Amino acid sequence: MSFQSKIQEFAPALFGGRNRPHGREVLTLRPVRHPSVQWELVGDDQFAVLTVQRRTDLLTDLVAKIFRLPSVRKIELTDEISSYVWTCCDGNHSVADIAGDISRRYKLNKRQSEVSVLTFLKTLQAKQLIGVPSDQAKSFRQPNVKRDEKSVLTKVASKEGGYYAARKRSRKSTK
């Protein structure tokens with residue numbers, strides 16, 4: 001598998017960029033690990049250790065040589081929950097599934113587990129260790145009807161006495 005096909009398969013659009021999901025749509029995403037990240041479970045507690053290779057291009061190699069940066073970076077996930085979330089980032093589990101499993105396993109309420117999982121996934125995405133498959137990211141590019149309706153109402157509202165008045169008139173006209 002070529003590097004370009006790996007990049008096309010992996011789109012880091014979980015929490016940012018122009019394909020950004022809104023609201024509860026984030027819970028439907030199925031995060032995947034970056035293909036270049038090697039990992040293993042170690043110890044009796046099965047904690048994950050990630051091995052990330054440094055990029056190899058001319059500028060990065062020059063900076064690494066000047067500052068004596070290592071070619072490999074190791075990240076240890078020394079928390080049971082973070083290790084479990086990492087192992088679930090295989091493209092088969094949605095964010096809601098992962099949060100539900102953590103909620104049952106550690107006896108947290110649904111909101112607590114969702115917040116902790118989303119925060120950890122956002123951290124992993126910021127470090128470009130996980131992302132969303134490109135087919136899921138494309139689904140968020142399509143315009144949402146409510147957003148388009150709101151923008152039309154806002155344009156009308158500026159002419160006809162405010163947003164809420166225009167919204168009220170549009171509701172009456174549809175009845």
# chains A, B, ... in the order shown; residues from 1 in each chain; ligands from 1
$ residues_around --residues "Tyr84 (chain A)" --least-positions-apart "6" --cutoff "9 Å" --atoms "only C-alpha atoms" --output "list in words"
Phe47, Ala48, Ile98 and Ile102 of chain A
$ closest_atom_pairs --of "region 88-145 of chain A" --to "region 49-54 of chain A" --cutoff "12 Å" --atoms "only C-alpha atoms" --output "CSV"
residue,atom,partner,partner_atom,distance
A:Leu124,CA,A:Leu50,CA,11.4
A:Lys127,CA,A:Val52,CA,10.4
A:Gln128,CA,A:Val52,CA,10.2
A:Leu129,CA,A:Val52,CA,8.5
A:Ile130,CA,A:Leu50,CA,11.9
$ write_last_selection --atoms "C-alpha atoms" --output "CSV table (one decimal), in the first residue's frame"
chain,number,residue,atom,x,y,z
A,124,LEU,CA,-5.3,11.9,19.9
A,127,LYS,CA,-1.4,14.7,17.7
A,128,GLN,CA,-2.6,13.1,14.4
A,129,LEU,CA,-2.6,9.6,15.8
A,130,ILE,CA,-6.3,8.9,14.9
$ residues_around --residues "Ser116 (chain A)" --least-positions-apart "3" --cutoff "10 Å" --atoms "only C-alpha atoms" --output "ChimeraX atom specification"
/A:81-82,99,102,111-113,119-122
$ closest_residue --among "A:Ala126, A:Val85, A:Trp39, A:Leu108" --to "Arg73 (chain A)" --atoms "only C-alpha atoms"
A:Trp39
$ closest_residue --among "A:Cys88, A:Leu58, A:Val26, A:Val37" --to "Lys74 (chain A)" --atoms "only C-alpha atoms"
A:Val37
$ residues_around --residues "Ala96 (chain A)" --least-positions-apart "2" --cutoff "9 Å" --atoms "only C-alpha atoms" --output "VMD selection string"
chain A and resid 26 to 29 93 to 94 98 to 101 114
$ residues_around --residues "Arg30 (chain A)" --least-positions-apart "3" --cutoff "8 Å" --atoms "only C-alpha atoms" --output "JSON, numbers by chain"
{"A": [89, 90, 91, 92, 93, 94, 95, 132, 133]}
$ decode --residues "region 113-137 of chain A" --atoms "N, CA and C atoms" --output "PDB file, in the first residue's frame"
ATOM      1  N   SER A 113     -18.879   9.531  30.632  1.00  0.00           N
ATOM      2  CA  SER A 113     -18.073   8.699  29.736  1.00  0.00           C
ATOM      3  C   SER A 113     -17.943   9.340  28.357  1.00  0.00           C
ATOM      4  N   GLU A 114     -19.010   9.975  27.854  1.00  0.00           N
ATOM      5  CA  GLU A 114     -18.927  10.648  26.559  1.00  0.00           C
ATOM      6  C   GLU A 114     -17.911  11.782  26.590  1.00  0.00           C
ATOM      7  N   VAL A 115     -17.941  12.581  27.646  1.00  0.00           N
ATOM      8  CA  VAL A 115     -17.018  13.710  27.750  1.00  0.00           C
ATOM      9  C   VAL A 115     -15.574  13.222  27.840  1.00  0.00           C
ATOM     10  N   SER A 116     -15.319  12.191  28.647  1.00  0.00           N
ATOM     11  CA  SER A 116     -13.944  11.710  28.790  1.00  0.00           C
ATOM     12  C   SER A 116     -13.437  11.078  27.496  1.00  0.00           C
ATOM     13  N   VAL A 117     -14.277  10.322  26.816  1.00  0.00           N
ATOM     14  CA  VAL A 117     -13.868   9.694  25.554  1.00  0.00           C
ATOM     15  C   VAL A 117     -13.636  10.755  24.485  1.00  0.00           C
ATOM     16  N   LEU A 118     -14.545  11.708  24.361  1.00  0.00           N
ATOM     17  CA  LEU A 118     -14.378  12.760  23.355  1.00  0.00           C
ATOM     18  C   LEU A 118     -13.145  13.617  23.615  1.00  0.00           C
ATOM     19  N   THR A 119     -12.865  13.906  24.864  1.00  0.00           N
ATOM     20  CA  THR A 119     -11.676  14.690  25.200  1.00  0.00           C
ATOM     21  C   THR A 119     -10.406  13.936  24.828  1.00  0.00           C
ATOM     22  N   PHE A 120     -10.368  12.646  25.147  1.00  0.00           N
ATOM     23  CA  PHE A 120      -9.195  11.846  24.817  1.00  0.00           C
ATOM     24  C   PHE A 120      -9.043  11.699  23.303  1.00  0.00           C
ATOM     25  N   LEU A 121     -10.142  11.475  22.590  1.00  0.00           N
ATOM     26  CA  LEU A 121     -10.062  11.361  21.132  1.00  0.00           C
ATOM     27  C   LEU A 121      -9.622  12.672  20.490  1.00  0.00           C
ATOM     28  N   LYS A 122     -10.057  13.781  21.065  1.00  0.00           N
ATOM     29  CA  LYS A 122      -9.634  15.080  20.541  1.00  0.00           C
ATOM     30  C   LYS A 122      -8.129  15.270  20.723  1.00  0.00           C
ATOM     31  N   THR A 123      -7.608  14.804  21.848  1.00  0.00           N
ATOM     32  CA  THR A 123      -6.165  14.871  22.089  1.00  0.00           C
ATOM     33  C   THR A 123      -5.409  14.004  21.083  1.00  0.00           C
ATOM     34  N   LEU A 124      -5.896  12.788  20.855  1.00  0.00           N
ATOM     35  CA  LEU A 124      -5.252  11.899  19.884  1.00  0.00           C
ATOM     36  C   LEU A 124      -5.310  12.485  18.479  1.00  0.00           C
ATOM     37  N   GLN A 125      -6.428  13.115  18.132  1.00  0.00           N
ATOM     38  CA  GLN A 125      -6.557  13.699  16.812  1.00  0.00           C
ATOM     39  C   GLN A 125      -5.636  14.906  16.650  1.00  0.00           C
ATOM     40  N   ALA A 126      -5.472  15.683  17.712  1.00  0.00           N
ATOM     41  CA  ALA A 126      -4.573  16.840  17.649  1.00  0.00           C
ATOM     42  C   ALA A 126      -3.132  16.397  17.411  1.00  0.00           C
ATOM     43  N   LYS A 127      -2.774  15.220  17.912  1.00  0.00           N
ATOM     44  CA  LYS A 127      -1.429  14.664  17.694  1.00  0.00           C
ATOM     45  C   LYS A 127      -1.357  13.855  16.410  1.00  0.00           C
ATOM     46  N   GLN A 128      -2.444  13.830  15.639  1.00  0.00           N
ATOM     47  CA  GLN A 128      -2.575  13.119  14.375  1.00  0.00           C
ATOM     48  C   GLN A 128      -2.285  11.626  14.522  1.00  0.00           C
ATOM     49  N   LEU A 129      -2.785  11.051  15.608  1.00  0.00           N
ATOM     50  CA  LEU A 129      -2.646   9.615  15.826  1.00  0.00           C
ATOM     51  C   LEU A 129      -3.894   8.854  15.395  1.00  0.00           C
ATOM     52  N   ILE A 130      -5.037   9.540  15.337  1.00  0.00           N
ATOM     53  CA  ILE A 130      -6.279   8.931  14.865  1.00  0.00           C
ATOM     54  C   ILE A 130      -6.952   9.875  13.887  1.00  0.00           C
ATOM     55  N   GLY A 131      -7.940   9.362  13.203  1.00  0.00           N
ATOM     56  CA  GLY A 131      -8.725  10.165  12.283  1.00  0.00           C
ATOM     57  C   GLY A 131     -10.007   9.437  11.957  1.00  0.00           C
ATOM     58  N   VAL A 132     -10.669   9.914  10.912  1.00  0.00           N
ATOM     59  CA  VAL A 132     -11.922   9.327  10.468  1.00  0.00           C
ATOM     60  C   VAL A 132     -11.725   8.891   9.023  1.00  0.00           C
ATOM     61  N   PRO A 133     -12.213   7.709   8.642  1.00  0.00           N
ATOM     62  CA  PRO A 133     -12.103   7.308   7.233  1.00  0.00           C
ATOM     63  C   PRO A 133     -12.736   8.348   6.317  1.00  0.00           C
ATOM     64  N   SER A 134     -12.184   8.493   5.137  1.00  0.00           N
ATOM     65  CA  SER A 134     -12.618   9.562   4.238  1.00  0.00           C
ATOM     66  C   SER A 134     -14.080   9.441   3.839  1.00  0.00           C
ATOM     67  N   ASP A 135     -14.638   8.225   3.784  1.00  0.00           N
ATOM     68  CA  ASP A 135     -16.050   8.111   3.423  1.00  0.00           C
ATOM     69  C   ASP A 135     -16.953   8.713   4.488  1.00  0.00           C
ATOM     70  N   GLN A 136     -16.559   8.639   5.770  1.00  0.00           N
ATOM     71  CA  GLN A 136     -17.342   9.279   6.827  1.00  0.00           C
ATOM     72  C   GLN A 136     -17.170  10.790   6.778  1.00  0.00           C
ATOM     73  N   ALA A 137     -15.968  11.246   6.496  1.00  0.00           N
ATOM     74  CA  ALA A 137     -15.715  12.688   6.448  1.00  0.00           C
ATOM     75  C   ALA A 137     -16.503  13.331   5.311  1.00  0.00           C
TER      76      ALA A 137
END
